[in-house]
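*Asks:* Provided herewith is a single structure, encoded as structure tokens, for subsequent inquiry.
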Amino acid sequence: MKHLKQLFWISDNNGQHAPQTARMFNKKISRPAALFNLLLVAALWVALFWISLRTIQIRLDFTFLGEFRIRIWNGFLATLGLSLFSLIFSLLIGILSAAGQSSSVLFIRFFCSVYVKFIRGTPLIMQIYLFFYIVGTAWGVSNRFTAGVLILSIFEGAYIAEIIRGSLLSLEESQLEAARAVGFSRRQTWRFVILPQMITRTLPALTGQFASIIKDSSLLSIIAVIELTQTMREISAVNFRLFECYLFLGILYLCLTLPVSLISERLERRFQYEN
Amino acid sequence: MKKRIYFLITLLSVLLLSGCGGAADTEDSAGQADTASAGEEPFKESSSDTKQTLTVAMELAYPPFEMRDEAGEAAGISADLMKAFGEYAGYDIQIENTAWDGLIPSLQTGAADIVISSMTITEERQNLIDFSDPYANALLAILAGADSGIRSVEDLNQAGKVLAVKSGSTGHMYAEKNLPEAELLVLPDESACVTEVAQGRADGFIYDQLTIYRNWQNNLDTTTAIFIPFQDVEKWGIAVQKGNQKLLDELNAFLADFQANGGYEELTEKYLAEEKKAFDELGFQWFFDMKK
Amino acid sequence: MKIKFQNLSKQYEPGHVILNPMDFEDEVHTLAVIGPSGGGKSTLLRIIGGLIAPTTGKLWVDSDEIRQNEASLQQYRKTIGFVFQQGGLFRHMSALDNIAVPLEQVHGYSRTESRSRALELLERFGLKEDARKKPAALSGGQQQRVAIARAVAARPKLLLLDEPTSALDPEYTTEVLNVIRELKEEGMRFIIVTHEMGFARHACDKAAFLCEGSLLEYGESAQLFAHPETEQLQRFLGKLLEWNV
């Protein structure tokens, strides 16, 4: 009977050495209980969905997608490639921008600060049109994939800059004072104290940002960058099957973002115990 | 005890999978609404004093057929046509702005009763929805870049030529079927397509004559227009949910009446006077000339 | 070792004076700095430790002037061990690394040398099993013992402690004070800012009383505690006696 109860209910903390709020979210759940409840949730959603479809009298047929599997696979790979390249470049831009905001050269300081405010303050759709059709054309950027990576990197870079800046600000003064007391030079302080602590702080947020990159890349379809969303749009336009195409699209994106969010959770938990 | 739990889980999974299978039926008429219950009162019930409301969906991005006035209200030829229909048949017309890709789905789900959005009657579309008698005709034309060297539609059908099309339009369908060599740029906005041509990123843009004419006038230095017809005239129809015969009959009756009473001449005068002149000069068949 | 300062003062914005101009010159073995909160004790300790620059005045340690530029200050800090009240350990490093990494990077010990010295100290302070633990996994008393180990690892000529036991539960205070007394017996020179009057009186040979940014009294601790001269010190000591066990 007790085992049955464990399927549905989790009692308080099992000896975790973590702050109370962390304990609320990170309770240890047994494998069978986790599986069982995941299935229950899935069942609920499938049921809701099925009822909705029935009510508006729509029947879904996914079989036509098989014909397009090569294009869909290529689109999937393109989205993955777009996201990975953008991750790398946006990290670079973000680090430079965060550093720039603390520069002694006023021009650099203002340049970076304006960049962050402008990019974070305007929607991506506007930036895509602006950068591609105006800046891109003026500077002769013809390859759409390249343009997509650049635009997305510039966009995400501003958000990463803020993540980095925030985590720098959150470093405790006492740690930096201790570094000086111990005799570390500025470079040594960065290498042995600031960077290691910053990595633990920013890594969870950065993986979250990677999931955002993956999803935001779908907007590049408006300039016909051949990635997953654009591929699906083209297929659905010719086949008149909006629902099946976009539902399948969602599943494919989940295949990319779910692993990322799982990794993010695991990292969060690991660094929870370190602090 | 653990074994029992795993058994429960397996049972649930099997039920779940069969449930999913049920949701994705594989009839060959899939994607359609159930014929039996459609056509019965798809709109709200109301008392005999007040009029019934009909929801009309259109994409308000296609002047002067579907657009907004200064106050932001739906306006244009299609809007006026629908208001006239409302008066004729005794309905209260509600116009909903809907993205092009969402027009047919809105009929399928019953979110809209009527779709009028300068939509061409095609076989594929007729599999999903029903069309009224045609009310206008149109031909496709090409907006070519000034330096692209495109003189006819065959010029586009070469490797290395980039062709912009609006996603889901008949231009898109035509290109897919007939221009396999061209590299297609499928975009959601017409204005983006025009920009691509004007900036030299695309060699051509296939769309209806009127839009091509207007955009050519707006971009005289960077574009040329090619009006040599390369297909049969397309006919535009008003669409309803499949099986809604009652509404279809009312629409067809209205269209005949409207034609007879010179309604189209009034619309042309109000919205398209200049274009009618240009079309006459170029020798094109006019939109509302349904003789052919 | 001899410590001397002349006209030493510290203020932040005008009006916010922490230390009034003060002079001092004497041999330092074990010196306790006592006084009411906000009197400037921590600031003075940090100036002596080269962590804060004074607004005016000069500082000499063993006749060498401590110049207030980053390069010379960094060299100077290598010769001083500093123990903070709390949060001084690097929270992302184990106890062992907290001690070994500075030895390796700042004082040029080899990897093996630094590790063995660190282990030696940890064992000596009763922390052998906790070598691999991060500070968050240690008790307050254990953390401070590691902090002290780190501060003395490179055999500094002076050890500075800023209220090392003030943030600890009473049960841990004793173990930390014991460690400091052991070090004293080995000849370590230190200046300690503390509220532990018993320790100040009996374990430190000299004491200085800082009140509202001024050095009001200085002398042998036995003398200072038994016969406070200034009214402020009398009041300060009198208040403390109220709750003494």
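In the structure tokens, chains take the letters A, B, ... in the order shown, each chain's residues start at 1, and ligands count up from 1 in the order shown.
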May I have the residues within 8 Å of stretch 75-78 of chain B as a PDB file with N, CA and C atoms, in the first residue's frame, using only C-alpha atoms and disregarding those fewer than 5 positions away in the same chain?
*Replies:*
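In the end it all went to around.pdb:
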```pdb
ATOM      1  N   PRO B  63      -4.530  45.421 -51.047  1.00  0.00           N
ATOM      2  CA  PRO B  63      -5.353  46.520 -51.574  1.00  0.00           C
ATOM      3  C   PRO B  63      -5.513  46.409 -53.083  1.00  0.00           C
ATOM      4  N   PRO B  64      -6.562  46.900 -53.663  1.00  0.00           N
ATOM      5  CA  PRO B  64      -7.734  47.442 -52.982  1.00  0.00           C
ATOM      6  C   PRO B  64      -8.816  46.417 -52.709  1.00  0.00           C
ATOM      7  N   PHE B  65      -8.468  45.130 -52.821  1.00  0.00           N
ATOM      8  CA  PHE B  65      -9.492  44.109 -52.595  1.00  0.00           C
ATOM      9  C   PHE B  65      -9.725  43.883 -51.096  1.00  0.00           C
ATOM     10  N   GLU B  66      -8.627  43.667 -50.373  1.00  0.00           N
ATOM     11  CA  GLU B  66      -8.743  43.480 -48.924  1.00  0.00           C
ATOM     12  C   GLU B  66      -7.734  44.395 -48.253  1.00  0.00           C
ATOM     13  N   MET B  67      -8.240  45.364 -47.504  1.00  0.00           N
ATOM     14  CA  MET B  67      -7.328  46.312 -46.844  1.00  0.00           C
ATOM     15  C   MET B  67      -8.022  46.972 -45.669  1.00  0.00           C
ATOM     16  N   ARG B  68      -7.297  47.896 -45.030  1.00  0.00           N
ATOM     17  CA  ARG B  68      -7.902  48.635 -43.921  1.00  0.00           C
ATOM     18  C   ARG B  68      -8.064  50.101 -44.308  1.00  0.00           C
ATOM     19  N   ASP B  69      -9.107  50.734 -43.803  1.00  0.00           N
ATOM     20  CA  ASP B  69      -9.240  52.188 -44.021  1.00  0.00           C
ATOM     21  C   ASP B  69      -8.452  52.931 -42.939  1.00  0.00           C
ATOM     22  N   ILE B 116     -13.473  35.246 -48.253  1.00  0.00           N
ATOM     23  CA  ILE B 116     -13.329  35.921 -49.538  1.00  0.00           C
ATOM     24  C   ILE B 116     -12.043  36.710 -49.461  1.00  0.00           C
ATOM     25  N   SER B 117     -11.047  36.296 -50.227  1.00  0.00           N
ATOM     26  CA  SER B 117      -9.735  36.925 -50.105  1.00  0.00           C
ATOM     27  C   SER B 117      -8.985  36.850 -51.424  1.00  0.00           C
ATOM     28  N   SER B 118      -9.704  37.137 -52.497  1.00  0.00           N
ATOM     29  CA  SER B 118      -9.090  37.058 -53.830  1.00  0.00           C
ATOM     30  C   SER B 118      -8.433  35.708 -54.016  1.00  0.00           C
ATOM     31  N   LEU B 267     -18.054  49.186 -58.027  1.00  0.00           N
ATOM     32  CA  LEU B 267     -16.812  48.868 -57.313  1.00  0.00           C
ATOM     33  C   LEU B 267     -15.595  49.319 -58.126  1.00  0.00           C
ATOM     34  N   TYR B 271     -12.794  51.942 -56.728  1.00  0.00           N
ATOM     35  CA  TYR B 271     -11.458  51.512 -56.295  1.00  0.00           C
ATOM     36  C   TYR B 271     -10.441  51.402 -57.395  1.00  0.00           C
TER      37      TYR B 271
END
```
*Asks:* For the strand (DSSP E or B) assignment from backbone DSSP, which residues of stretch 128-225 of chain C qualify? Please present them as a PyMOL selection string.
*Replies:* chain C and resi 158-162+190-193+206-211+214-220
*Asks:* Next, the residues of the selection above should be written as a JSON list (two decimals), in the first residue's frame with C-alpha atoms.
*Replies:*
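Now in out00.json:
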```json
[["chain", "number", "residue", "atom", "x", "y", "z"],
["C", 158, "LEU", "CA", 52.70, 38.97, 10.04],
["C", 159, "LEU", "CA", 49.23, 37.50, 10.47],
["C", 160, "LEU", "CA", 46.20, 39.80, 10.51],
["C", 161, "LEU", "CA", 42.86, 38.54, 11.80],
["C", 162, "ASP", "CA", 39.67, 40.58, 11.48],
["C", 190, "PHE", "CA", 49.81, 38.75, 14.69],
["C", 191, "ILE", "CA", 47.41, 41.66, 15.04],
["C", 192, "ILE", "CA", 43.87, 40.58, 15.89],
["C", 193, "VAL", "CA", 40.73, 42.68, 15.92],
["C", 206, "LYS", "CA", 49.77, 44.41, 23.83],
["C", 207, "ALA", "CA", 46.37, 45.96, 23.18],
["C", 208, "ALA", "CA", 45.17, 49.06, 21.33],
["C", 209, "PHE", "CA", 41.81, 50.74, 21.92],
["C", 210, "LEU", "CA", 40.21, 52.35, 18.91],
["C", 211, "CYS", "CA", 37.14, 54.47, 19.44],
["C", 214, "SER", "CA", 40.97, 57.52, 17.03],
["C", 215, "LEU", "CA", 43.62, 55.48, 18.79],
["C", 216, "LEU", "CA", 42.82, 56.38, 22.36],
["C", 217, "GLU", "CA", 44.90, 53.94, 24.38],
["C", 218, "TYR", "CA", 47.78, 51.59, 23.76],
["C", 219, "GLY", "CA", 49.94, 49.50, 26.01],
["C", 220, "GLU", "CA", 50.50, 46.17, 27.68]]
```
*Asks:* Check the smallest atom-to-atom distance from each of C:Gln144, C:Ser221, C:Gln234, C:Asn178 to C:Leu89 using only C-alpha atoms, then report the winner.
*Replies:*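 The closest residue to C:Leu89 is C:Gln144.
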*Asks:* So, with only C-alpha atoms as the atoms that count, which of A:Phe132, A:Val41, A:Ser83, A:Ala158 lies closest to A:Leu96?
*Replies:*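 Closest residue, counting only C-alpha atoms: A:Ala158.
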*Asks:* Can you list, as JSON, numbers by chain, every protein, DNA or RNA residue that comes within 7 Å of C:Leu168 when you count only C-alpha atoms, leaving out same-chain residues fewer than 3 positions away?
*Replies:* {"C": [140, 141, 165, 172, 173]}
*Asks:* Could the residues of chain C within 7 Å of chain A, counting only C-alpha atoms, be given as a PyMOL selection string, please?
*Replies:* chain C and resi 51+74+77-78+82+87-88+90+92+102+106+136
*Asks:* Export N, CA and C atoms of the chosen residues as an mmCIF file, in the first residue's frame?
*Replies:*
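And here is the file that came out, result_25.cif:
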```cif
data_model
loop_
_atom_site.group_PDB
_atom_site.id
_atom_site.type_symbol
_atom_site.label_atom_id
_atom_site.label_comp_id
_atom_site.auth_asym_id
_atom_site.auth_seq_id
_atom_site.Cartn_x
_atom_site.Cartn_y
_atom_site.Cartn_z
ATOM 1 N N LEU C 51 45.247 46.216 1.919
ATOM 2 C CA LEU C 51 44.023 45.978 1.149
ATOM 3 C C LEU C 51 43.276 47.269 0.851
ATOM 4 N N GLN C 74 50.901 44.570 -4.099
ATOM 5 C CA GLN C 74 50.730 43.144 -4.359
ATOM 6 C C GLN C 74 51.887 42.347 -3.785
ATOM 7 N N ARG C 77 51.449 42.222 0.022
ATOM 8 C CA ARG C 77 50.406 41.316 0.509
ATOM 9 C C ARG C 77 50.897 39.884 0.584
ATOM 10 N N LYS C 78 51.859 39.541 -0.261
ATOM 11 C CA LYS C 78 52.371 38.166 -0.233
ATOM 12 C C LYS C 78 53.055 37.857 1.087
ATOM 13 N N PHE C 82 46.088 37.107 5.897
ATOM 14 C CA PHE C 82 44.891 37.818 6.348
ATOM 15 C C PHE C 82 43.756 36.818 6.560
ATOM 16 N N GLY C 87 33.351 34.398 4.936
ATOM 17 C CA GLY C 87 33.340 34.459 3.485
ATOM 18 C C GLY C 87 34.703 34.613 2.858
ATOM 19 N N GLY C 88 35.773 34.340 3.615
ATOM 20 C CA GLY C 88 37.093 34.547 3.064
ATOM 21 C C GLY C 88 37.592 33.396 2.223
ATOM 22 N N PHE C 90 37.585 30.591 -0.714
ATOM 23 C CA PHE C 90 37.050 30.536 -2.071
ATOM 24 C C PHE C 90 36.020 29.408 -2.129
ATOM 25 N N HIS C 92 34.346 27.928 -4.347
ATOM 26 C CA HIS C 92 34.304 26.912 -5.383
ATOM 27 C C HIS C 92 35.491 25.954 -5.274
ATOM 28 N N PRO C 102 47.049 29.194 -3.790
ATOM 29 C CA PRO C 102 47.871 30.397 -3.594
ATOM 30 C C PRO C 102 49.345 30.084 -3.414
ATOM 31 N N VAL C 106 51.065 32.027 -6.175
ATOM 32 C CA VAL C 106 51.577 33.309 -5.681
ATOM 33 C C VAL C 106 52.997 33.168 -5.143
ATOM 34 N N ALA C 136 31.188 25.212 1.899
ATOM 35 C CA ALA C 136 29.781 25.098 2.278
ATOM 36 C C ALA C 136 29.513 23.840 3.094
#
```
*Asks:* From the list C:Leu19, C:Val83, C:Leu138, C:Ile34, which residue is nearest C:Thr55 when using only C-alpha atoms?
*Replies:*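 Of the candidates, the smallest distance to C:Thr55 is held by C:Leu19.
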*Asks:* Excluding A:Gln6 and its own-chain neighbours fewer than 6 positions away, which residues fall within 10 Å of it when counting only C-alpha atoms? Please give them as number ranges by chain.
*Replies:* A: 29-30, 32-33
*Asks:* With N, CA and C atoms retained, export the selected residues as a PDB file, in the first residue's frame.
*Replies:*
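Okay, again_6.pdb is ready:
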```pdb
ATOM      1  N   ILE A  29      12.642  11.496  -6.885  1.00  0.00           N
ATOM      2  CA  ILE A  29      11.463  10.727  -7.286  1.00  0.00           C
ATOM      3  C   ILE A  29      11.907   9.389  -7.838  1.00  0.00           C
ATOM      4  N   SER A  30      11.231   8.327  -7.421  1.00  0.00           N
ATOM      5  CA  SER A  30      11.633   6.995  -7.872  1.00  0.00           C
ATOM      6  C   SER A  30      11.282   6.814  -9.346  1.00  0.00           C
ATOM      7  N   PRO A  32       9.872   4.295 -11.216  1.00  0.00           N
ATOM      8  CA  PRO A  32       8.504   3.910 -11.600  1.00  0.00           C
ATOM      9  C   PRO A  32       7.506   5.032 -11.370  1.00  0.00           C
ATOM     10  N   ALA A  33       7.658   5.778 -10.275  1.00  0.00           N
ATOM     11  CA  ALA A  33       6.724   6.875 -10.017  1.00  0.00           C
ATOM     12  C   ALA A  33       6.840   7.941 -11.100  1.00  0.00           C
TER      13      ALA A  33
END
```
*Asks:* DSSP on the backbone, then: every residue of stretch 106-137 of chain C marked alpha helix (DSSP H), written as a PyMOL selection string.
*Replies:* chain C and resi 111-124
*Asks:* One decimal, in Å: what's the spacing between atom CA of B:Trp236 and atom CA of B:Thr170?
*Replies:*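 A separation of 10.9 Å between them.
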*Asks:* Taking only C-alpha atoms into account, what are the residues of chain A at most 7 Å from chain B, put as JSON, numbers by chain?
*Replies:* {"A": [32, 36, 39, 43, 46, 50, 56, 57, 58, 59, 60, 61, 222, 223, 224, 234, 237, 238]}
*Asks:* Between A:Leu169, A:Leu130, A:Leu258, A:Leu247, single out the one closest to A:Ser212, counting only C-alpha atoms.
*Replies:*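 Distance minimum relative to A:Ser212 lands on A:Leu258.
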*Asks:* Report as number ranges by chain all protein, DNA and RNA residues lying within 12 Å of stretch 183-187 of chain C, evaluated on only C-alpha atoms, omitting residues in the same chain fewer than 6 positions from it.
*Replies:* C: 1, 28-31, 121, 124-125, 145, 148-149, 151-153, 155-159, 176-177, 203-205
*Asks:* From the list B:Gln52, B:Thr211, B:Lys276, B:Ala198, which residue is nearest A:Thr137 when using only C-alpha atoms?
*Replies:*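 Of the candidates, the smallest distance to A:Thr137 is held by B:Ala198.
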